[in-house]
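**Student:** Have a look at this one.
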Amino acid sequence: MTNATRREALRAGGMSLAGIAAMLMGGCGQQAQGGATEVAAADSAAEASAQAAPRQLVLDTDSGLLARSEFIGLDEPVELADGTTAPAINFDNGATTPSLVSALEEIQAQLPLYGSIGRGKGQKSGHSTEQFGAARSVVLDFFGAPASTYTCAFAGTATDGLNKVSGALCGPDTVVLTTRSEHHANDLTWRARAAEVRYVEVDELGRLIMDDFATQLADGKVGVVSVQAASNVTGYVHDVHSIAKLAHEAGAIMVVDGAQIASHRAFSLKGETEAEDVDFFVCSAHKMYAPFGGGCIIGKTELMNAHVPAYRGGGMVDVVTDSDVTWLEAPDLWEAGSPNYFGQIALAKACEALSAAGFDNIEAHEQALLRRALDGLAGIQGVTVYADSNNIEDRVGVLTFNVDDVAAADVAERLAGGWAIAVRQGEFCAHPLCHRLMGYTDEQIVAERDKPGFSAPAMVRVSMGMYNTEADVDTLIEAVSTIAAG
Ligand SMILES: Cc1ncc(COP(=O)(O)O)c(C=O)c1O
């Protein structure tokens, strides 16, 4: 198809994005495989602009989850320590996830039509701007954030989003309440900008001590409460709507770090009552099977307009004179600089794919894998598993453990070298929580950290994705048994 024909088809609204993708990629779309069926996923981004046909996502007939063929590179062989190869088993999804075929296809489909976002009169600029706007709507819908109340501003990853939110909300006197369960992205960001940061404690299993919220909010001085929706270490899902109610009763703004909830559980910013609504929410697309640098900040529109982010530049202003500035409204106010268009349209595709798989299916699958993995590890002598292994209903598919007398880094290296299993070792950018789980006090760490030969405490983390299988878990258990046996 020539450029002229392509333009013609677009103008007539007669060429679907799936069609463009197939044309561009020589038919690289996935075929339905044995045991799988084709199901249409609404392509609302495309519908909004060009009467597109829905892309066919392949779902597994038994589980309802996206078929493994919907993910890129799952069975890619990697080299083992002995020089042979084996298909990689990825249990490092908490860090980042492989890409969906649909996300990559969307990027490839849109590349020939790419133009500047929101700033030009060219046709490609118009098309891309429309796609970008449609992606916002998809993301808002996915996170249960009605456009009448909320605005989606695209950002980088959750770290970028949290830095922007804290930069906008923190004044010289702002008191922030967060927790000892947080990733550094939702802790150091506030330490950098708030007048005071308070922390809700965790119990010996790493669960938030919920009563602590009311205690810490009682003096009415807290201006912002910021809590993760799920932990990247324990997998606990937090009742952020109840926390939002307490925050609002105390006159604070409620911020939620959604990095670990987005691809694991259905999440809605709207609570059952307005008091339970989340005010700001951030997430990372690369933890949602769209690893192209996308992410978002969703906020209550009136709050987004009332707080000018400290992150500034072009695109957020109406008029700049020699001495002052008049600001645009959100989302522009929160999107200084040129956007990561492809990262964000990929994020929207990931939202559509996750919705097609269904969070009931995702949750059931993760719970089954988590139970199997925890039971398997419990049967291995010399293995310590952290957090609550008995009651796991409030956990996404993440677990941490250690093997007696084997450093976490060595366990991780042997899992990779011997079985092609990717996990993460260390403290997962959540040092205060990991210290607590392993039984170290702050005083011990402070006393030891500057001594020669100090090695930071560490554990091994297994974090699951929707494509992981029981066989993956069984291989993990077999591998850890071998390592623990010495
Ligand atoms: C709970 C949580 N919050 C925030 C982040 C930061 O995400 P990113 O590295 O994508 O900015 C992570 C990353 O692992 C996380 O697990």
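Chain labels A, B, ... are given in the sequence in which chains occur in the structure tokens; within each chain residues are numbered consecutively from 1, and ligands are likewise numbered from 1 in the order shown.
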As a quick test: using only C-alpha atoms and all ligand atoms, which residues lie no more than 9 Å away from ligand 1? Give them as a count of residues only.

**Tutor:** 38

**Student:** List every residue of segment 164-230 of chain A that has an atom at most 9 Å from any atom of segment 387-397 of chain A, giving for each one its closest atom pair and the distance in Å to one decimal, counting only C-alpha atoms, sorted by chain and then by ascending residue number, as a Markdown table.

**Tutor:**
| residue | atom | partner | partner_atom | distance |
| --- | --- | --- | --- | --- |
| A:Glu204 | CA | A:Ala387 | CA | 8.0 |
| A:Leu205 | CA | A:Ala387 | CA | 4.5 |
| A:Gly206 | CA | A:Ala387 | CA | 5.9 |
| A:Arg207 | CA | A:Ala387 | CA | 8.0 |
| A:Ala230 | CA | A:Val396 | CA | 7.5 |

**Student:** Please return as an MDAnalysis selection string: the residues of segment 167-230 of chain A that backbone DSSP assigns to helix (DSSP H, G or I).

**Tutor:** chainID A and resid 167:169 184:186 188:193 211:217

**Student:** Counting only C-alpha atoms, which of A:Pro452, A:Leu80, A:Asp212, A:Thr321 gets nearest to Trp419 of chain A?

**Tutor:**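 Under the stated criterion, the closest residue is A:Leu80.
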
**Student:** For a quick check of understanding, using only C-alpha atoms, which of A:Ser137, A:Ile209, A:Ser463, A:Gly171 has the smallest distance to Leu369 of chain A?

**Tutor:**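 When distances to Leu369 of chain A are compared using only C-alpha atoms, the smallest one comes from A:Ser463.
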
**Student:** Please, what distance in Å, to one decimal, runs between atom CA of Glu70 of chain A and atom CA of Thr85 of chain A?

**Tutor:** 23.0 Å

**Student:** If I take atom CA of Gly235 of chain A and atom CA of Val398 of chain A, how far is one from the other in Å, to one decimal?

**Tutor:** 5.0 Å

**Student:** Using only C-alpha atoms, pick whichever of A:Leu104, A:Ala192, A:Leu399, A:Met288 has the shortest atom-to-atom distance to Ala350 of chain A.

**Tutor:**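 For Ala350 of chain A, the nearest of the given residues is A:Met288.
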
**Student:** Which one is closest to Ser148 of chain A: A:Gly299, A:Gly376, A:Gly465, A:Gly439? Count only C-alpha atoms.

**Tutor:**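 Selected residue with least distance to Ser148 of chain A: A:Gly299.
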
**Student:** Identify all residues of segment 78-215 of chain A in strand (DSSP E or B) (DSSP on the backbone) and supply them as a ChimeraX atom specification.

**Tutor:** /A:78-79,85-87,89-90,92,100,150-154,175-179,196-200,202,208

**Student:** Next, write the just-selected residues to a file, as a PDB file, in the first residue's frame, keeping C-alpha atoms as the atom set.

**Tutor:**
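And here's result30.pdb as it stands now:
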ATOM      1  CA  VAL A  78      18.818 -18.408  27.560  1.00  0.00           C
ATOM      2  CA  GLU A  79      22.281 -19.759  28.259  1.00  0.00           C
ATOM      3  CA  THR A  85      20.317 -23.427  26.813  1.00  0.00           C
ATOM      4  CA  ALA A  86      16.832 -23.610  28.321  1.00  0.00           C
ATOM      5  CA  PRO A  87      13.653 -21.555  27.933  1.00  0.00           C
ATOM      6  CA  ILE A  89      11.273 -18.825  33.333  1.00  0.00           C
ATOM      7  CA  ASN A  90      10.490 -15.316  34.485  1.00  0.00           C
ATOM      8  CA  ASP A  92      10.701 -11.235  38.176  1.00  0.00           C
ATOM      9  CA  LEU A 100       2.228  -7.965  25.005  1.00  0.00           C
ATOM     10  CA  TYR A 150     -10.776  12.669  37.273  1.00  0.00           C
ATOM     11  CA  THR A 151      -8.070  13.555  34.757  1.00  0.00           C
ATOM     12  CA  CYS A 152      -5.341  11.252  33.478  1.00  0.00           C
ATOM     13  CA  ALA A 153      -1.988  12.928  32.913  1.00  0.00           C
ATOM     14  CA  PHE A 154       0.581  10.716  31.278  1.00  0.00           C
ATOM     15  CA  VAL A 175       3.189  16.872  56.845  1.00  0.00           C
ATOM     16  CA  VAL A 176       2.957  13.553  55.012  1.00  0.00           C
ATOM     17  CA  LEU A 177       1.820  10.198  56.351  1.00  0.00           C
ATOM     18  CA  THR A 178       3.051   7.086  54.585  1.00  0.00           C
ATOM     19  CA  THR A 179       3.995   3.575  55.775  1.00  0.00           C
ATOM     20  CA  GLU A 196       7.748  16.027  58.195  1.00  0.00           C
ATOM     21  CA  VAL A 197       7.110  12.442  57.146  1.00  0.00           C
ATOM     22  CA  ARG A 198       5.245  10.111  59.486  1.00  0.00           C
ATOM     23  CA  TYR A 199       5.028   6.364  59.108  1.00  0.00           C
ATOM     24  CA  VAL A 200       2.404   3.775  59.869  1.00  0.00           C
ATOM     25  CA  VAL A 202       3.873  -2.928  60.032  1.00  0.00           C
ATOM     26  CA  LEU A 208       0.064  -2.553  57.913  1.00  0.00           C
TER      27      LEU A 208
END

**Student:** Using only C-alpha atoms for the distances, tell me which of A:Ala356, A:Ile380, A:Val165, A:Ala290 is nearest to Val255 of chain A.

**Tutor:**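 Residue with the minimum atom-to-atom distance to Val255 of chain A: A:Val165.
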
**Student:** If we count only C-alpha atoms, what is near Ala484 of chain A at a cut-off of 7 Å, once residues fewer than 4 positions away on the same chain are taken out, given as a list in words?

**Tutor:**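 Contacts, with the query itself left out: Gly382, Val403 and Val480 of chain A.
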
**Student:** Rank nothing, just name the residue among A:Leu354, A:Gln381, A:Leu269, A:Met459 nearest to Leu57 of chain A, using only C-alpha atoms.

**Tutor:** A:Leu354
